[in-house]
Amino acid sequence: MINLKEGTRLPTIEDYASVIMPSSVRQDHTPISNIGLVAGAPDDWMAVRVDYENRGERWSLLPGPEFSPRLYRGQNRRYDRTVASLFRLKNENEWLVASTRLVEFGWYVVQHPGFHAISEEEIGGLKGRVDWRVQGQHYGFPTEFLDTTRKKDVAEFFARCRPTGADPTEAWESVPPRDFDAVLYTIDIKRLIDESNNEAKIVPIGPSPFLRPYRQAAVGLRLNGKDFAQLPAVHEEPLKFSSQRARQLLTQFDYGHKLFPEDGMSEIAQRVLTGDDAPVTAVRATRRLIGRPYLLQEMCRRIELTGCRITDREPVIDDALIDRMEREWRVLAPEYFGRIKARGMCDSFRPQEDPDP
């Protein structure tokens, strides 16, 4: 357990924004904040207090050192509009299938030992939270979120390289000149928090308990249907083609294998994404979550129009896969919790009176 002094509270996201360096500071990792607080190691994460959709406060994590002012996103192609993957689907029926598959994946997320460990870990009187929807985004499920990273070289890898097949765990290659239209986006965290006006929202997930988003230093960004490139906090930089730089990045990340390790959750994601059926229990749960006025029968009919069968199977994980995920988490857990830095914020300050002369 990470303990704070009694009576202290974790900072909010707004508190976090008030102490990070402005984006005009060129270094991503500064040794000191703009109010004199000293940051930790470059890979530290800061615990913040978050109210998850009025369901109670939990702690979650934002990039560290606490005062790093930027996030990044790399794309190997520039689009007229950059929106979250859920808004790129063709029609309502595909949207229902995608939402149902994401819910099924969420059931597997909550069975992961890392999910339980973080949910029970107490910092500043609050339990932790793992957002299963953001995790799904980083495993290929369409969601309302957009992938970003706190590491510029990871973003540049995604801009200069591409997978050789449908499965991202396979080897990646450099984007050839004829297809190269790469762009690197830089997100000013402070400005995004201060000026977003609900156009976008950082969803602090910190180092994920799952290996893929952990390696990618992933941070979720909820866009609410907005065009990411048009946000005031986002700066767009076209990249010039460089085969040498692409080779450097491919070597650095072992042709993508370091960023897309074949962990237990990637195996589960592949099963769900490539399957031709959906459990009726997942359809029922999705119907409660999406806020659409569908009867269950109508929702099943729409899903089946896409070629996806509705079945009675239960979403379960076999014992061998559970054992595999437990082994993976035992290796990752010390590193995960060792990087969390909890800083208390004072609610009020009462200066001492000067002593009588």
# chains A, B, ... in the order shown; residues from 1 in each chain; ligands from 1
$ residues_around --residues "region 66-77 of chain A" --least-positions-apart "2" --cutoff "9 Å" --atoms "only C-alpha atoms" --output "MDAnalysis selection string"
chainID A and resid 16:17 19:25 27:34 38:40 42 44:46 62:64 79 146:152 154:162 175 179:190 219 341
$ write_last_selection --atoms "C-alpha atoms" --output "PDB file, in the first residue's frame"
ATOM      1  CA  TYR A  16      -2.109  18.285 -11.999  1.00  0.00           C
ATOM      2  CA  ALA A  17      -2.528  20.801 -14.829  1.00  0.00           C
ATOM      3  CA  VAL A  19       1.838  22.404 -11.770  1.00  0.00           C
ATOM      4  CA  ILE A  20       3.064  20.925 -15.056  1.00  0.00           C
ATOM      5  CA  MET A  21       5.411  22.965 -17.175  1.00  0.00           C
ATOM      6  CA  PRO A  22       3.925  24.926 -20.097  1.00  0.00           C
ATOM      7  CA  SER A  23       4.251  23.331 -23.531  1.00  0.00           C
ATOM      8  CA  SER A  24       6.683  26.059 -24.582  1.00  0.00           C
ATOM      9  CA  VAL A  25       9.304  24.244 -22.482  1.00  0.00           C
ATOM     10  CA  GLN A  27      11.972  19.140 -22.816  1.00  0.00           C
ATOM     11  CA  ASP A  28       9.374  16.443 -22.257  1.00  0.00           C
ATOM     12  CA  HIS A  29      10.932  15.528 -18.916  1.00  0.00           C
ATOM     13  CA  THR A  30      11.897  18.420 -16.676  1.00  0.00           C
ATOM     14  CA  PRO A  31      13.529  17.929 -13.274  1.00  0.00           C
ATOM     15  CA  ILE A  32      11.372  20.575 -11.598  1.00  0.00           C
ATOM     16  CA  SER A  33       7.859  21.941 -12.020  1.00  0.00           C
ATOM     17  CA  ASN A  34       6.826  25.553 -12.522  1.00  0.00           C
ATOM     18  CA  VAL A  38      10.958  18.212  -7.913  1.00  0.00           C
ATOM     19  CA  ALA A  39       9.874  15.393 -10.212  1.00  0.00           C
ATOM     20  CA  GLY A  40      10.932  11.779 -10.004  1.00  0.00           C
ATOM     21  CA  PRO A  42      11.291   9.875 -16.233  1.00  0.00           C
ATOM     22  CA  ASP A  44       7.206   7.736 -12.892  1.00  0.00           C
ATOM     23  CA  TRP A  45       3.436   8.206 -12.926  1.00  0.00           C
ATOM     24  CA  MET A  46       1.351  10.509 -10.739  1.00  0.00           C
ATOM     25  CA  LEU A  62      -1.263  10.490 -15.402  1.00  0.00           C
ATOM     26  CA  PRO A  63       2.124  10.636 -17.136  1.00  0.00           C
ATOM     27  CA  GLY A  64       5.242  11.411 -15.211  1.00  0.00           C
ATOM     28  CA  TYR A  79      -7.067  11.997 -42.775  1.00  0.00           C
ATOM     29  CA  LEU A 146      -8.202   7.763 -29.367  1.00  0.00           C
ATOM     30  CA  ASP A 147      -4.760   6.238 -28.775  1.00  0.00           C
ATOM     31  CA  THR A 148      -2.062   8.612 -27.558  1.00  0.00           C
ATOM     32  CA  THR A 149       1.309   7.993 -25.906  1.00  0.00           C
ATOM     33  CA  ARG A 150       3.592   9.876 -23.594  1.00  0.00           C
ATOM     34  CA  LYS A 151       6.645   8.797 -25.631  1.00  0.00           C
ATOM     35  CA  LYS A 152       7.502  10.628 -28.831  1.00  0.00           C
ATOM     36  CA  VAL A 154       6.532   5.410 -29.927  1.00  0.00           C
ATOM     37  CA  ALA A 155       4.301   7.888 -31.764  1.00  0.00           C
ATOM     38  CA  GLU A 156       6.902   8.273 -34.507  1.00  0.00           C
ATOM     39  CA  PHE A 157       7.052   4.486 -34.893  1.00  0.00           C
ATOM     40  CA  PHE A 158       3.321   4.431 -35.638  1.00  0.00           C
ATOM     41  CA  ALA A 159       3.803   7.277 -38.133  1.00  0.00           C
ATOM     42  CA  ARG A 160       6.700   5.698 -40.056  1.00  0.00           C
ATOM     43  CA  CYS A 161       5.823   1.994 -39.820  1.00  0.00           C
ATOM     44  CA  ARG A 162       2.871  -0.299 -40.447  1.00  0.00           C
ATOM     45  CA  VAL A 175       5.908   2.686 -44.905  1.00  0.00           C
ATOM     46  CA  ASP A 179       2.200   5.501 -49.369  1.00  0.00           C
ATOM     47  CA  PHE A 180       3.952   7.925 -47.052  1.00  0.00           C
ATOM     48  CA  ASP A 181       1.741  10.737 -45.765  1.00  0.00           C
ATOM     49  CA  ALA A 182       2.810  10.593 -42.136  1.00  0.00           C
ATOM     50  CA  VAL A 183       1.957  13.120 -39.458  1.00  0.00           C
ATOM     51  CA  LEU A 184       3.006  13.536 -35.824  1.00  0.00           C
ATOM     52  CA  TYR A 185       0.555  15.183 -33.437  1.00  0.00           C
ATOM     53  CA  THR A 186       1.677  16.846 -30.218  1.00  0.00           C
ATOM     54  CA  ILE A 187      -0.919  17.411 -27.488  1.00  0.00           C
ATOM     55  CA  ASP A 188      -0.428  20.167 -24.928  1.00  0.00           C
ATOM     56  CA  ILE A 189      -1.750  18.473 -21.779  1.00  0.00           C
ATOM     57  CA  LYS A 190      -2.121  21.676 -19.788  1.00  0.00           C
ATOM     58  CA  VAL A 219      -2.898   7.294 -22.516  1.00  0.00           C
ATOM     59  CA  LYS A 341       4.237   8.584  -7.091  1.00  0.00           C
TER      60      LYS A 341
END
$ residues_around --residues "Phe337 (chain A)" --least-positions-apart "5" --cutoff "12 Å" --atoms "only C-alpha atoms" --output "list in words"
Met1, Ile2, Asp43, Asp44, Trp45, Met46, Ala47, Leu61, Gly114, Ala117, Ile118, Glu121, Glu122, Ile123, Gly128, Gly206, Pro207, Ser208, Pro209, Trp329, Arg330, Val331, Leu332 and Ala342 of chain A
$ closest_residue --among "A:Trp59, A:Phe87, A:Phe145, A:Tyr139" --to "Gly220 (chain A)" --atoms "only C-alpha atoms"
A:Phe145
$ closest_residue --among "A:Arg292, A:Ala233, A:Asn224, A:Arg58" --to "Glu92 (chain A)" --atoms "only C-alpha atoms"
A:Arg292
$ closest_residue --among "A:Leu223, A:Arg288, A:Ala98, A:His235" --to "Ile303 (chain A)" --atoms "only C-alpha atoms"
A:Ala98
$ residues_around --residues "Gly256 (chain A)" --least-positions-apart "5" --cutoff "12 Å" --atoms "only C-alpha atoms" --output "list in words"
Val154, Phe157, Phe158, Arg160, Cys161, Arg162, Pro163, Thr164, Asp167, Pro168, Thr169, Glu170, Ala171, Trp172, Glu173, Ser174, Arg212, Arg215, Gln216, Ala246, Arg247, Gln248, Leu249, Leu250, Thr251, Pro261 and Glu262 of chain A
$ closest_residue --among "A:Thr311, A:Gln137, A:Gln111, A:Ser85" --to "Gly275 (chain A)" --atoms "only C-alpha atoms"
A:Thr311
$ atom_distance --atom1 "CA of Thr306 (chain A)" --atom2 "CA of Arg284 (chain A)"
17.7 Å
$ closest_residue --among "A:Leu211, A:Ala269, A:Val234, A:Leu221" --to "His257 (chain A)" --atoms "only C-alpha atoms"
A:Leu211
$ closest_residue --among "A:Gln135, A:Ala84, A:Ile340, A:Arg309" --to "Arg222 (chain A)" --atoms "only C-alpha atoms"
A:Ala84
$ atom_distance --atom1 "CA of Asp51 (chain A)" --atom2 "CA of Leu231 (chain A)"
23.8 Å
$ residues_around --residues "Asp277 (chain A)" --least-positions-apart "3" --cutoff "9 Å" --atoms "only C-alpha atoms" --output "PyMOL selection string"
chain A and resi 272+304+307-311
$ select_by_dssp --residues "region 63-240 of chain A" --states "strand (DSSP E or B)" --output "PDB file with N, CA and C atoms, in the first residue's frame"
ATOM      1  N   PRO A  63       0.710  10.823 -16.801  1.00  0.00           N
ATOM      2  CA  PRO A  63       2.124  10.636 -17.136  1.00  0.00           C
ATOM      3  C   PRO A  63       3.059  11.367 -16.191  1.00  0.00           C
ATOM      4  N   ARG A  70       3.465  17.108 -22.451  1.00  0.00           N
ATOM      5  CA  ARG A  70       2.964  16.700 -23.766  1.00  0.00           C
ATOM      6  C   ARG A  70       2.587  15.229 -23.847  1.00  0.00           C
ATOM      7  N   LEU A  71       1.646  14.950 -24.755  1.00  0.00           N
ATOM      8  CA  LEU A  71       1.362  13.610 -25.243  1.00  0.00           C
ATOM      9  C   LEU A  71       1.550  13.617 -26.756  1.00  0.00           C
ATOM     10  N   TYR A  72       1.611  12.426 -27.353  1.00  0.00           N
ATOM     11  CA  TYR A  72       1.871  12.339 -28.790  1.00  0.00           C
ATOM     12  C   TYR A  72       0.956  11.302 -29.442  1.00  0.00           C
ATOM     13  N   ARG A  73       0.732  11.515 -30.734  1.00  0.00           N
ATOM     14  CA  ARG A  73       0.030  10.526 -31.559  1.00  0.00           C
ATOM     15  C   ARG A  73       0.658  10.543 -32.950  1.00  0.00           C
ATOM     16  N   GLY A  74       1.022   9.372 -33.449  1.00  0.00           N
ATOM     17  CA  GLY A  74       1.586   9.267 -34.789  1.00  0.00           C
ATOM     18  C   GLY A  74       0.651   8.525 -35.719  1.00  0.00           C
ATOM     19  N   GLN A  75       0.501   9.001 -36.967  1.00  0.00           N
ATOM     20  CA  GLN A  75      -0.312   8.333 -37.981  1.00  0.00           C
ATOM     21  C   GLN A  75       0.488   8.239 -39.274  1.00  0.00           C
ATOM     22  N   ARG A  77      -0.782   8.033 -42.083  1.00  0.00           N
ATOM     23  CA  ARG A  77      -1.597   8.675 -43.111  1.00  0.00           C
ATOM     24  C   ARG A  77      -2.390   9.806 -42.475  1.00  0.00           C
ATOM     25  N   GLU A 122      -4.992   0.768  -2.303  1.00  0.00           N
ATOM     26  CA  GLU A 122      -5.492   2.022  -1.740  1.00  0.00           C
ATOM     27  C   GLU A 122      -4.388   3.068  -1.702  1.00  0.00           C
ATOM     28  N   ILE A 123      -4.687   4.240  -2.258  1.00  0.00           N
ATOM     29  CA  ILE A 123      -3.773   5.378  -2.224  1.00  0.00           C
ATOM     30  C   ILE A 123      -4.569   6.597  -1.772  1.00  0.00           C
ATOM     31  N   LEU A 126      -8.317   6.094  -1.387  1.00  0.00           N
ATOM     32  CA  LEU A 126      -9.104   5.730  -2.561  1.00  0.00           C
ATOM     33  C   LEU A 126      -8.601   4.425  -3.163  1.00  0.00           C
ATOM     34  N   LYS A 127      -9.511   3.648  -3.729  1.00  0.00           N
ATOM     35  CA  LYS A 127      -9.155   2.441  -4.454  1.00  0.00           C
ATOM     36  C   LYS A 127      -8.845   2.795  -5.910  1.00  0.00           C
ATOM     37  N   GLY A 128      -8.113   1.913  -6.601  1.00  0.00           N
ATOM     38  CA  GLY A 128      -7.733   2.168  -7.980  1.00  0.00           C
ATOM     39  C   GLY A 128      -8.840   1.821  -8.960  1.00  0.00           C
ATOM     40  N   PHE A 145     -12.593   6.357 -27.743  1.00  0.00           N
ATOM     41  CA  PHE A 145     -11.303   6.909 -27.357  1.00  0.00           C
ATOM     42  C   PHE A 145     -10.326   6.912 -28.534  1.00  0.00           C
ATOM     43  N   LEU A 146      -9.283   7.710 -28.386  1.00  0.00           N
ATOM     44  CA  LEU A 146      -8.202   7.763 -29.367  1.00  0.00           C
ATOM     45  C   LEU A 146      -6.903   7.403 -28.669  1.00  0.00           C
ATOM     46  N   ASP A 147      -6.054   6.623 -29.339  1.00  0.00           N
ATOM     47  CA  ASP A 147      -4.760   6.238 -28.775  1.00  0.00           C
ATOM     48  C   ASP A 147      -3.814   7.436 -28.760  1.00  0.00           C
ATOM     49  N   THR A 148      -3.181   7.684 -27.635  1.00  0.00           N
ATOM     50  CA  THR A 148      -2.062   8.612 -27.558  1.00  0.00           C
ATOM     51  C   THR A 148      -0.992   7.969 -26.684  1.00  0.00           C
ATOM     52  N   THR A 149       0.203   8.531 -26.699  1.00  0.00           N
ATOM     53  CA  THR A 149       1.309   7.993 -25.906  1.00  0.00           C
ATOM     54  C   THR A 149       2.102   9.137 -25.304  1.00  0.00           C
ATOM     55  N   CYS A 161       5.874   3.450 -39.615  1.00  0.00           N
ATOM     56  CA  CYS A 161       5.823   1.994 -39.820  1.00  0.00           C
ATOM     57  C   CYS A 161       4.383   1.512 -39.865  1.00  0.00           C
ATOM     58  N   ARG A 162       4.204   0.281 -40.352  1.00  0.00           N
ATOM     59  CA  ARG A 162       2.871  -0.299 -40.447  1.00  0.00           C
ATOM     60  C   ARG A 162       2.973  -1.809 -40.299  1.00  0.00           C
ATOM     61  N   PRO A 163       1.895  -2.454 -39.836  1.00  0.00           N
ATOM     62  CA  PRO A 163       1.936  -3.916 -39.697  1.00  0.00           C
ATOM     63  C   PRO A 163       1.925  -4.598 -41.059  1.00  0.00           C
ATOM     64  N   TRP A 172       6.343  -5.700 -38.147  1.00  0.00           N
ATOM     65  CA  TRP A 172       5.989  -4.462 -38.827  1.00  0.00           C
ATOM     66  C   TRP A 172       7.046  -4.133 -39.880  1.00  0.00           C
ATOM     67  N   GLU A 173       6.714  -3.203 -40.778  1.00  0.00           N
ATOM     68  CA  GLU A 173       7.624  -2.767 -41.826  1.00  0.00           C
ATOM     69  C   GLU A 173       7.550  -1.253 -41.971  1.00  0.00           C
ATOM     70  N   SER A 174       8.535  -0.664 -42.644  1.00  0.00           N
ATOM     71  CA  SER A 174       8.499   0.771 -42.891  1.00  0.00           C
ATOM     72  C   SER A 174       7.489   1.088 -43.984  1.00  0.00           C
ATOM     73  N   ASP A 181       2.421   9.454 -46.008  1.00  0.00           N
ATOM     74  CA  ASP A 181       1.741  10.737 -45.765  1.00  0.00           C
ATOM     75  C   ASP A 181       1.655  10.940 -44.261  1.00  0.00           C
ATOM     76  N   VAL A 183       2.116  11.902 -40.249  1.00  0.00           N
ATOM     77  CA  VAL A 183       1.957  13.120 -39.458  1.00  0.00           C
ATOM     78  C   VAL A 183       2.162  12.766 -37.983  1.00  0.00           C
ATOM     79  N   LEU A 184       2.797  13.676 -37.265  1.00  0.00           N
ATOM     80  CA  LEU A 184       3.006  13.536 -35.824  1.00  0.00           C
ATOM     81  C   LEU A 184       2.216  14.633 -35.125  1.00  0.00           C
ATOM     82  N   TYR A 185       1.358  14.232 -34.203  1.00  0.00           N
ATOM     83  CA  TYR A 185       0.555  15.183 -33.437  1.00  0.00           C
ATOM     84  C   TYR A 185       1.141  15.324 -32.034  1.00  0.00           C
ATOM     85  N   THR A 186       1.227  16.555 -31.579  1.00  0.00           N
ATOM     86  CA  THR A 186       1.677  16.846 -30.218  1.00  0.00           C
ATOM     87  C   THR A 186       0.522  17.482 -29.455  1.00  0.00           C
ATOM     88  N   ILE A 187       0.209  16.939 -28.281  1.00  0.00           N
ATOM     89  CA  ILE A 187      -0.919  17.411 -27.488  1.00  0.00           C
ATOM     90  C   ILE A 187      -0.397  18.133 -26.257  1.00  0.00           C
ATOM     91  N   ASP A 188      -0.777  19.378 -26.102  1.00  0.00           N
ATOM     92  CA  ASP A 188      -0.428  20.167 -24.928  1.00  0.00           C
ATOM     93  C   ASP A 188      -1.384  19.770 -23.801  1.00  0.00           C
ATOM     94  N   LYS A 201     -11.367  14.824 -23.547  1.00  0.00           N
ATOM     95  CA  LYS A 201     -11.088  14.590 -22.137  1.00  0.00           C
ATOM     96  C   LYS A 201     -10.004  13.542 -21.998  1.00  0.00           C
ATOM     97  N   ILE A 202      -8.968  13.885 -21.249  1.00  0.00           N
ATOM     98  CA  ILE A 202      -7.949  12.895 -20.927  1.00  0.00           C
ATOM     99  C   ILE A 202      -8.542  11.884 -19.940  1.00  0.00           C
ATOM    100  N   VAL A 203      -8.410  10.630 -20.275  1.00  0.00           N
ATOM    101  CA  VAL A 203      -8.843   9.568 -19.376  1.00  0.00           C
ATOM    102  C   VAL A 203      -7.584   8.929 -18.803  1.00  0.00           C
ATOM    103  N   ALA A 218       0.719   4.082 -23.096  1.00  0.00           N
ATOM    104  CA  ALA A 218      -0.542   4.555 -23.664  1.00  0.00           C
ATOM    105  C   ALA A 218      -1.317   5.434 -22.690  1.00  0.00           C
ATOM    106  N   VAL A 219      -1.983   6.426 -23.254  1.00  0.00           N
ATOM    107  CA  VAL A 219      -2.898   7.294 -22.516  1.00  0.00           C
ATOM    108  C   VAL A 219      -4.146   7.456 -23.371  1.00  0.00           C
ATOM    109  N   GLY A 220      -5.325   7.256 -22.781  1.00  0.00           N
ATOM    110  CA  GLY A 220      -6.566   7.364 -23.533  1.00  0.00           C
ATOM    111  C   GLY A 220      -7.044   8.800 -23.626  1.00  0.00           C
ATOM    112  N   LEU A 221      -7.642   9.131 -24.758  1.00  0.00           N
ATOM    113  CA  LEU A 221      -8.189  10.470 -24.979  1.00  0.00           C
ATOM    114  C   LEU A 221      -9.610  10.323 -25.491  1.00  0.00           C
ATOM    115  N   ARG A 222     -10.579  10.797 -24.714  1.00  0.00           N
ATOM    116  CA  ARG A 222     -11.974  10.716 -25.139  1.00  0.00           C
ATOM    117  C   ARG A 222     -12.313  11.955 -25.954  1.00  0.00           C
ATOM    118  N   VAL A 234      -3.898  20.710 -29.895  1.00  0.00           N
ATOM    119  CA  VAL A 234      -3.183  19.758 -30.752  1.00  0.00           C
ATOM    120  C   VAL A 234      -2.395  20.490 -31.830  1.00  0.00           C
ATOM    121  N   HIS A 235      -1.111  20.140 -31.951  1.00  0.00           N
ATOM    122  CA  HIS A 235      -0.244  20.703 -33.000  1.00  0.00           C
ATOM    123  C   HIS A 235       0.088  19.601 -33.997  1.00  0.00           C
ATOM    124  N   GLU A 236      -0.084  19.892 -35.278  1.00  0.00           N
ATOM    125  CA  GLU A 236       0.142  18.915 -36.333  1.00  0.00           C
ATOM    126  C   GLU A 236       1.468  19.181 -37.042  1.00  0.00           C
ATOM    127  N   GLU A 237       2.281  18.128 -37.199  1.00  0.00           N
ATOM    128  CA  GLU A 237       3.589  18.256 -37.845  1.00  0.00           C
ATOM    129  C   GLU A 237       3.759  17.169 -38.910  1.00  0.00           C
ATOM    130  N   PRO A 238       3.671  17.502 -40.203  1.00  0.00           N
ATOM    131  CA  PRO A 238       3.940  16.503 -41.245  1.00  0.00           C
ATOM    132  C   PRO A 238       5.384  16.019 -41.143  1.00  0.00           C
TER     133      PRO A 238
END
$ residues_around --residues "Arg287 (chain A)" --least-positions-apart "4" --cutoff "9 Å" --atoms "only C-alpha atoms" --output "list in words"
Leu96, Thr100, Ala282, Val283, Gly291, Arg292, Pro293, Tyr294, Leu295, Leu296 and Met299 of chain A
$ write_last_selection --atoms "C-alpha atoms" --output "PDB file, in the first residue's frame"
ATOM      1  CA  LEU A  96     -23.915  -2.519 -32.131  1.00  0.00           C
ATOM      2  CA  THR A 100     -21.101  -5.920 -27.899  1.00  0.00           C
ATOM      3  CA  ALA A 282     -23.043  -9.642 -23.748  1.00  0.00           C
ATOM      4  CA  VAL A 283     -25.858  -8.319 -25.942  1.00  0.00           C
ATOM      5  CA  GLY A 291     -28.583   4.203 -24.056  1.00  0.00           C
ATOM      6  CA  ARG A 292     -30.396   3.187 -27.273  1.00  0.00           C
ATOM      7  CA  PRO A 293     -34.156   2.400 -27.123  1.00  0.00           C
ATOM      8  CA  TYR A 294     -33.802  -1.111 -28.590  1.00  0.00           C
ATOM      9  CA  LEU A 295     -35.717  -4.134 -27.418  1.00  0.00           C
ATOM     10  CA  LEU A 296     -33.415  -7.137 -26.990  1.00  0.00           C
ATOM     11  CA  MET A 299     -30.948  -5.537 -31.163  1.00  0.00           C
TER      12      MET A 299
END
$ residues_around --residues "Thr12 (chain A)" --least-positions-apart "6" --cutoff "8 Å" --atoms "only C-alpha atoms" --output "PyMOL selection string"
chain A and resi 48-50
$ atom_distance --atom1 "CA of Pro279 (chain A)" --atom2 "CA of Val316 (chain A)"
10.8 Å
$ select_by_dssp --residues "region 133-285 of chain A" --states "alpha helix (DSSP H)" --output "PyMOL selection string"
chain A and resi 133-138+152-160+189-195+211-215+243-252+264-274+280-285
